[in-house]
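Comments concern the structure below.
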Amino acid sequence: MIPFPSRDQTPAPNIPAPGFADPVRDAQRCFRRLLAALSYPGRPQEIGDLLPRGPEPLYSSTAALCLTLFDVDTPVWLEPGLDTPEVRQFLSFHCGCPIAAHPGEAAFALLPVAAAERLAAFHVGTPEYPDRAATLLIQTPSVTGGAPVAATGPGIPERQDFAVAGANGGFWSRRAAVDAAFPCGLDIVFVDPRQIVGLPRGVHAIGEDA
C-alpha cells in the first residue's frame with residue numbers, strides 16, 4: 001500500500017500575486033493615468049497606488065498596467081530578466097494573455113531598461129496598419145533620475161525635458177531610427193515603482209548621446 005502524504009508533506013499551492021481590489025474601477029483609473037502619460041509625453045504620472053504589489057520582479061505599477069492592457073488577444077514578450085514563473089503565473093491567471101515566442105510577434109513587451117537597446121526586434125506596424133505596432137513597458141529604477149532628454153512633438157507646447165534612469169548608451173539614437181518611418185514606430189511607457197512616463201512614437205526625443 002502506498003501511504004498518503006502527511007499534511008506537512010503536501011506542497012503548498014502556488015498562489016499568484018493579487019490583482020485589483022475593484023477590477024473595473026481600478027483598471028479605469030489606471031487607463032486614465034496611462035492616457036495622461038501618453039497625452040503629455042515626458043510628464044511623470046503617479047500610478048504606484050493602484051496595486052499593493054506585483055509578482056517579482058515586476059513593480060506594482062508595471063503589474064497594474066498589465067492588468068489594464070493585457071488580455072487573450074495580446075501576445076506579450078517577456079525579456080529574460082522579467083520572465084519568471086511568478087510573472088507568468090500572474091499574467092496567465094489575471095490576464096489570460098499568450099506569451100510571445102519572439103519579440104516580433106508581441107503586441108506588448110515587458111523589459112528592463114538595461115535590455116531596451118533591442119528596439120529593432122519589435123514589430124513597428126505597417127503604413128496600412130500602424131496600430132499593429134508593439135507597445136513597450138520598460139521598467140527603470142526612476143523616471144526622473146537619468147540623463148536629460150529633450151522632447152518635442154504632439155502634446156508638448158514647446159519642449160519637455162525628462163530624465164529616465166538607464167536610458168543611455170545610444171538608446172535615443174536607436175529609438176529615433178525605429179520611429180523614422182512614422183506612422184510606424186513603437187509606443188513606449190517607462191515605469192518606475194511609483195510613476196510612469198509616456199513616449200508615443202510621434203514624439204521626437206533627443207538624448208545626450210544622440
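Chains: A, B, ... in order of the C-alpha cells. Residues: from 1 per chain. Ligands: from 1, in order shown.
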Tell me which protein, DNA and RNA residues are within 8 Å of Pro112 of chain A, counting only C-alpha atoms, leaving out same-chain ones fewer than 2 positions away, and put them as a PyMOL selection string. chain A and resi 79+81-82+110+114-116+138-140
Please provide as a PyMOL selection string all residues within 9 Å of segment 119-121 of chain A, with the sequence filter that same-chain residues fewer than 4 positions apart are discarded (counting only C-alpha atoms). chain A and resi 102-104+115+171+174-175+177-178+186
Go ahead and dump the residues you just picked, C-alpha atoms, as a compact mmCIF listing (two decimals), in the first residue's frame.
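Output below, filename selection_2.txt:
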# COMPACT_ATOMS: atom_id res chain seq x y z
CA HIS A 102 9.66 36.04 -30.40
CA PRO A 103 9.75 39.84 -29.88
CA GLY A 104 8.35 40.48 -33.36
CA ALA A 115 17.55 45.42 -22.32
CA PHE A 171 19.13 54.25 -26.72
CA ARG A 174 18.14 53.66 -31.83
CA ARG A 175 14.68 54.86 -30.91
CA ALA A 177 15.89 55.12 -36.16
CA VAL A 178 12.97 52.83 -35.29
CA LEU A 186 6.95 51.96 -31.11
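When atom CA of Arg33 of chain A is paired with atom CA of Leu65 of chain A, their separation reads 10.0 Å.
Near segment 17-31 of chain A, within a cut-off of 8 Å and counting only C-alpha atoms, sit the residues A:Ile47, A:Leu50, A:Leu51, A:Arg53, A:Gly54, A:Pro55, A:Ala64, A:Leu65, A:Leu67, A:Thr68, A:Glu86, A:Phe90, A:His94, with same-chain residues fewer than 5 positions away left out.
Atom pair atom CA of Phe122 of chain A / atom CA of Ile156 of chain A: separated by 26.1 Å.
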Just list as a PyMOL selection string whatever in segment 13-190 of chain A DSSP marks as helix (DSSP H, G or I). chain A and resi 23-39+60-69+80-82+85-94+103-105+113-115+119-121+130-132+171-178
Let's have the selection written as a PDB file, in the first residue's frame, with C-alpha atoms.
ATOM      1  CA  PRO A  23     -11.083  45.313 -11.235  1.00  0.00           C
ATOM      2  CA  VAL A  24     -13.372  47.591 -13.245  1.00  0.00           C
ATOM      3  CA  ARG A  25     -12.812  50.858 -11.416  1.00  0.00           C
ATOM      4  CA  ASP A  26      -9.124  50.318 -10.764  1.00  0.00           C
ATOM      5  CA  ALA A  27      -8.496  49.436 -14.420  1.00  0.00           C
ATOM      6  CA  GLN A  28     -10.353  52.589 -15.439  1.00  0.00           C
ATOM      7  CA  ARG A  29      -8.238  54.680 -13.067  1.00  0.00           C
ATOM      8  CA  CYS A  30      -5.056  53.110 -14.410  1.00  0.00           C
ATOM      9  CA  PHE A  31      -6.110  53.635 -18.025  1.00  0.00           C
ATOM     10  CA  ARG A  32      -6.897  57.319 -17.426  1.00  0.00           C
ATOM     11  CA  ARG A  33      -3.430  57.860 -15.959  1.00  0.00           C
ATOM     12  CA  LEU A  34      -1.839  55.996 -18.864  1.00  0.00           C
ATOM     13  CA  LEU A  35      -3.748  58.222 -21.302  1.00  0.00           C
ATOM     14  CA  ALA A  36      -2.495  61.272 -19.420  1.00  0.00           C
ATOM     15  CA  ALA A  37       1.086  59.993 -19.687  1.00  0.00           C
ATOM     16  CA  LEU A  38       0.761  59.473 -23.437  1.00  0.00           C
ATOM     17  CA  SER A  39      -1.116  62.746 -23.966  1.00  0.00           C
ATOM     18  CA  SER A  60       3.270  47.029  -8.639  1.00  0.00           C
ATOM     19  CA  SER A  61       2.948  49.890 -11.143  1.00  0.00           C
ATOM     20  CA  THR A  62       4.000  47.604 -14.011  1.00  0.00           C
ATOM     21  CA  ALA A  63       1.602  44.909 -12.832  1.00  0.00           C
ATOM     22  CA  ALA A  64      -1.234  47.457 -12.762  1.00  0.00           C
ATOM     23  CA  LEU A  65      -0.552  48.311 -16.409  1.00  0.00           C
ATOM     24  CA  CYS A  66      -0.570  44.615 -17.273  1.00  0.00           C
ATOM     25  CA  LEU A  67      -3.972  44.160 -15.633  1.00  0.00           C
ATOM     26  CA  THR A  68      -5.287  47.147 -17.572  1.00  0.00           C
ATOM     27  CA  LEU A  69      -3.869  46.425 -21.027  1.00  0.00           C
ATOM     28  CA  PRO A  80      14.629  37.111 -19.723  1.00  0.00           C
ATOM     29  CA  GLY A  81      15.222  39.476 -16.813  1.00  0.00           C
ATOM     30  CA  LEU A  82      11.449  39.666 -16.180  1.00  0.00           C
ATOM     31  CA  PRO A  85       7.387  31.672 -13.006  1.00  0.00           C
ATOM     32  CA  GLU A  86       5.715  34.259 -10.762  1.00  0.00           C
ATOM     33  CA  VAL A  87       5.260  36.711 -13.625  1.00  0.00           C
ATOM     34  CA  ARG A  88       3.956  34.039 -15.989  1.00  0.00           C
ATOM     35  CA  GLN A  89       1.508  32.782 -13.366  1.00  0.00           C
ATOM     36  CA  PHE A  90       0.265  36.312 -12.670  1.00  0.00           C
ATOM     37  CA  LEU A  91      -0.291  37.054 -16.364  1.00  0.00           C
ATOM     38  CA  SER A  92      -1.947  33.703 -17.031  1.00  0.00           C
ATOM     39  CA  PHE A  93      -4.288  33.911 -14.042  1.00  0.00           C
ATOM     40  CA  HIS A  94      -5.309  37.568 -14.232  1.00  0.00           C
ATOM     41  CA  PRO A 103       9.750  39.838 -29.881  1.00  0.00           C
ATOM     42  CA  GLY A 104       8.354  40.481 -33.360  1.00  0.00           C
ATOM     43  CA  GLU A 105       5.141  38.603 -32.512  1.00  0.00           C
ATOM     44  CA  VAL A 113      15.698  49.333 -19.203  1.00  0.00           C
ATOM     45  CA  ALA A 114      19.031  47.528 -19.495  1.00  0.00           C
ATOM     46  CA  ALA A 115      17.549  45.419 -22.320  1.00  0.00           C
ATOM     47  CA  LEU A 119      14.190  48.101 -30.093  1.00  0.00           C
ATOM     48  CA  ALA A 120      14.523  46.958 -33.703  1.00  0.00           C
ATOM     49  CA  ALA A 121      13.413  43.433 -32.710  1.00  0.00           C
ATOM     50  CA  PRO A 130       0.363  51.269 -37.836  1.00  0.00           C
ATOM     51  CA  ASP A 131      -1.825  50.304 -34.870  1.00  0.00           C
ATOM     52  CA  ARG A 132      -0.361  46.797 -35.011  1.00  0.00           C
ATOM     53  CA  PHE A 171      19.133  54.248 -26.717  1.00  0.00           C
ATOM     54  CA  TRP A 172      17.785  57.519 -28.074  1.00  0.00           C
ATOM     55  CA  SER A 173      19.578  57.137 -31.388  1.00  0.00           C
ATOM     56  CA  ARG A 174      18.141  53.661 -31.828  1.00  0.00           C
ATOM     57  CA  ARG A 175      14.683  54.862 -30.915  1.00  0.00           C
ATOM     58  CA  ALA A 176      14.924  57.662 -33.499  1.00  0.00           C
ATOM     59  CA  ALA A 177      15.891  55.117 -36.163  1.00  0.00           C
ATOM     60  CA  VAL A 178      12.970  52.831 -35.292  1.00  0.00           C
TER      61      VAL A 178
END
